[in-house]
file final-v9.txt (compact mmCIF, C-alpha atoms)
# COMPACT_ATOMS: atom_id res chain seq x y z
CA MET A 1 18.22 25.71 -26.15
CA LEU A 2 15.29 26.24 -28.43
CA ASN A 3 13.88 23.83 -30.97
CA GLU A 4 11.12 25.23 -33.21
CA GLY A 5 9.99 27.61 -30.49
CA ARG A 6 10.02 24.97 -27.72
CA GLU A 7 12.53 24.80 -24.90
CA ILE A 8 14.53 21.58 -24.61
CA LYS A 9 15.16 20.43 -21.05
CA GLY A 10 18.79 19.94 -20.17
CA ARG A 11 20.03 16.94 -18.21
CA ALA A 12 23.11 16.99 -16.00
CA ASN A 13 24.99 13.95 -14.71
CA LEU A 14 27.19 13.59 -11.64
CA GLY A 15 29.51 10.66 -12.32
CA ARG A 16 30.47 7.80 -10.00
CA SER A 17 33.81 9.33 -9.01
CA LEU A 18 32.34 12.71 -7.99
CA ILE A 19 31.80 13.65 -4.36
CA ILE A 20 29.91 16.86 -3.60
CA LYS A 21 29.52 18.33 -0.12
CA GLY A 22 27.24 21.34 0.18
CA GLU A 23 24.25 22.56 -1.79
CA VAL A 24 23.30 21.47 -5.30
CA THR A 25 20.81 23.70 -7.14
CA GLY A 26 19.94 23.86 -10.78
CA SER A 27 17.43 24.48 -13.50
CA GLU A 28 17.71 21.17 -15.35
CA ASP A 29 17.11 17.50 -14.62
CA LEU A 30 19.90 15.73 -12.73
CA THR A 31 21.16 12.15 -12.48
CA ILE A 32 23.49 11.36 -9.58
CA ASP A 33 25.76 8.32 -9.75
CA GLY A 34 28.33 9.57 -7.22
CA ARG A 35 28.07 10.89 -3.66
CA VAL A 36 26.27 14.01 -2.45
CA GLU A 37 26.10 15.29 1.12
CA GLY A 38 24.08 18.40 1.99
CA ARG A 39 21.05 19.78 0.11
CA ILE A 40 19.67 19.23 -3.38
CA HIS A 41 17.15 21.77 -4.71
CA LEU A 42 15.80 21.18 -8.23
CA GLU A 43 12.33 22.70 -8.07
CA ASP A 44 10.47 22.11 -11.37
CA HIS A 45 13.03 19.48 -12.41
CA ASP A 46 13.54 15.74 -12.02
CA LEU A 47 16.17 14.00 -9.90
CA THR A 48 17.35 10.44 -10.49
CA ILE A 49 19.58 8.83 -7.89
CA GLY A 50 21.46 5.99 -9.60
CA GLU A 51 22.18 2.50 -8.26
CA SER A 52 25.82 3.22 -7.45
CA SER A 53 25.06 6.49 -5.65
CA LYS A 54 25.17 7.34 -1.96
CA VAL A 55 23.22 10.47 -1.07
CA SER A 56 22.86 12.04 2.36
CA ALA A 57 20.80 15.14 1.75
CA GLU A 58 17.55 17.02 2.08
CA VAL A 59 16.00 16.92 -1.39
CA HIS A 60 13.34 19.02 -3.14
CA ALA A 61 12.53 18.26 -6.78
CA LYS A 62 9.58 17.89 -9.12
CA ASN A 63 9.99 14.09 -9.36
CA ILE A 64 12.48 11.97 -7.42
CA THR A 65 13.47 8.46 -8.55
CA ILE A 66 15.68 6.45 -6.20
CA TYR A 67 17.72 3.45 -7.38
CA GLY A 68 20.59 3.91 -4.91
CA ASP A 69 21.19 4.52 -1.21
CA VAL A 70 19.64 7.69 0.26
CA THR A 71 19.48 9.15 3.76
CA GLY A 72 17.43 12.31 4.17
CA ASP A 73 14.00 13.82 3.69
CA MET A 74 12.47 13.87 0.20
CA VAL A 75 10.00 16.56 -0.94
CA ALA A 76 8.55 16.11 -4.44
CA ASP A 77 6.02 18.34 -6.14
CA GLU A 78 4.68 15.41 -8.18
CA LYS A 79 6.04 11.94 -7.28
CA VAL A 80 8.68 9.94 -5.39
CA THR A 81 9.56 6.56 -6.89
CA LEU A 82 11.55 4.04 -4.86
CA ALA A 83 12.84 1.38 -7.27
CA ASP A 84 13.52 -2.23 -6.32
CA SER A 85 17.24 -1.51 -5.79
CA GLY A 86 16.53 1.71 -3.86
CA ARG A 87 17.02 2.28 -0.13
CA LEU A 88 15.64 5.34 1.66
CA VAL A 89 15.98 6.27 5.31
CA GLY A 90 14.01 9.48 5.70
CA ASN A 91 10.61 11.04 5.29
CA ILE A 92 8.67 11.52 2.06
CA LYS A 93 6.35 14.43 1.33
CA ALA A 94 4.69 14.14 -2.08
CA PRO A 95 1.24 13.86 -3.66
CA ARG A 96 2.13 10.42 -5.10
CA ILE A 97 4.58 7.69 -4.18
CA SER A 98 5.58 4.37 -5.72
CA VAL A 99 7.48 1.69 -3.80
CA SER A 100 8.68 -1.31 -5.83
CA ASP A 101 8.94 -4.84 -4.49
CA GLY A 102 12.41 -5.25 -2.97
CA ALA A 103 12.88 -1.57 -2.15
CA GLN A 104 13.85 -0.63 1.40
CA PHE A 105 12.19 2.30 3.17
CA ARG A 106 12.26 3.55 6.75
CA GLY A 107 10.44 6.78 7.53
CA ASN A 108 7.10 8.53 7.30
CA VAL A 109 4.99 9.49 4.33
CA ASP A 110 2.96 12.71 4.07
CA MET A 111 0.88 12.70 0.91
CA VAL A 112 -0.33 16.18 -0.01
CA GLY A 113 -2.76 17.11 -2.77
CA ASN A 114 -1.98 19.43 -5.66
CA ALA A 115 -3.40 22.40 -3.76
CA GLY A 116 -1.35 21.59 -0.69
CA GLU A 117 -4.25 19.86 1.05
CA LYS A 118 -3.22 16.96 3.23
CA ARG A 119 -4.56 13.50 2.47
CA ALA A 120 -4.36 10.55 4.80
CA ALA A 121 -1.31 8.41 4.12
CA THR A 122 -3.06 5.18 4.97
CA LYS A 123 -1.99 3.25 1.88
CA VAL A 124 1.78 3.40 2.28
CA LEU A 125 2.26 -0.26 1.45
CA SER A 126 -0.49 -2.63 0.46
CA ALA A 127 1.03 -5.38 2.60
CA ILE A 128 0.07 -3.59 5.83
CA PRO A 129 -3.55 -4.35 6.76
CA ALA A 130 -5.98 -1.60 7.72
CA GLY A 131 -6.07 -0.53 11.33
CA PRO A 132 -3.44 0.64 13.74
CA PRO A 133 0.17 -0.33 12.86
CA GLU A 134 0.39 -2.41 16.04
CA ALA A 135 -2.29 -4.72 14.59
CA ALA A 136 0.11 -5.56 11.77
CA GLY A 137 3.00 -6.07 14.19
CA VAL A 138 4.64 -2.77 13.19
CA HIS A 139 5.74 -0.58 16.07
CA SER A 140 7.22 2.90 16.19
CA GLY A 141 10.85 2.96 15.08
CA GLN A 142 10.59 -0.11 12.85
CA GLY A 143 10.89 0.08 9.10
CA VAL A 144 9.13 -1.81 6.37
CA ARG A 145 10.92 -3.17 3.34
CA ALA A 146 8.36 -3.55 0.53
CA GLY A 147 5.95 -5.24 2.87
CA VAL A 148 8.59 -7.05 4.94
CA LEU A 149 8.99 -5.86 8.51
CA ASP A 150 12.56 -4.90 9.52
CA GLN A 151 13.32 -6.27 12.96

call {"tool": "encode", "arguments": {"input": "final-v9.txt", "output": "structure tokens"}}
result
Amino acid sequence: MLNEGREIKGRANLGRSLIIKGEVTGSEDLTIDGRVEGRIHLEDHDLTIGESSKVSAEVHAKNITIYGDVTGDMVADEKVTLADSGRLVGNIKAPRISVSDGAQFRGNVDMVGNAGEKRAATKVLSAIPAGPPEAAGVHSGQGVRAGVLDQ
């Protein structure tokens, strides 16, 4: 659609009762409230995973916002946001991340610059002190939930 010479971004919604198995691709922003298993590829577009959703997928999008339950690796060109109701088991690769208090996350973070240069991912959560993870009582295979160690 065009509006005075400017393109208007479309937004698609997958409702709560929908279950998709396979690959989801598109050229518009997407909100998922149902279930998706497989792959989601929305390069140059935003993905919002709603509170009632269950997603088990490899995801690539411009921005990813997680309110629901997600298992899989997230790749964002700009930012991954894990909201307070969000739960992610998987790895994040993005230049910026935001983890809200109460969110649950288990995985690794690889923060890359705009030009694809790697930056150290030392500030994953402010609750973990500087130094090796073992100094904070975090050992390989354990997750951290917004600063709270999962046992």

call {"tool": "closest_residue", "arguments": {"input": "final-v9.txt", "among": "A:Thr81, A:Asn13, A:Ser98, A:Thr71", "to": "A:Ser56", "atoms": "all atoms listed in the file"}}
result
A:Thr71

call {"tool": "atom_distance", "arguments": {"input": "final-v9.txt", "atom1": "atom CA of A:Leu88", "atom2": "atom CA of A:Leu47"}}
result
14.5 Å

call {"tool": "closest_atom_pairs", "arguments": {"input": "final-v9.txt", "of": "stretch 55-104 of chain A", "to": "stretch 27-42 of chain A", "cutoff": "6 Å", "atoms": "all atoms listed in the file", "output": "Markdown table"}}
result
| residue | atom | partner | partner_atom | distance |
| --- | --- | --- | --- | --- |
| A:Val55 | CA | A:Val36 | CA | 4.9 |
| A:Ser56 | CA | A:Glu37 | CA | 4.8 |
| A:Ala57 | CA | A:Gly38 | CA | 4.6 |
| A:Glu58 | CA | A:Arg39 | CA | 4.9 |
| A:Val59 | CA | A:Ile40 | CA | 4.8 |
| A:His60 | CA | A:His41 | CA | 5.0 |
| A:Ala61 | CA | A:Leu42 | CA | 4.6 |
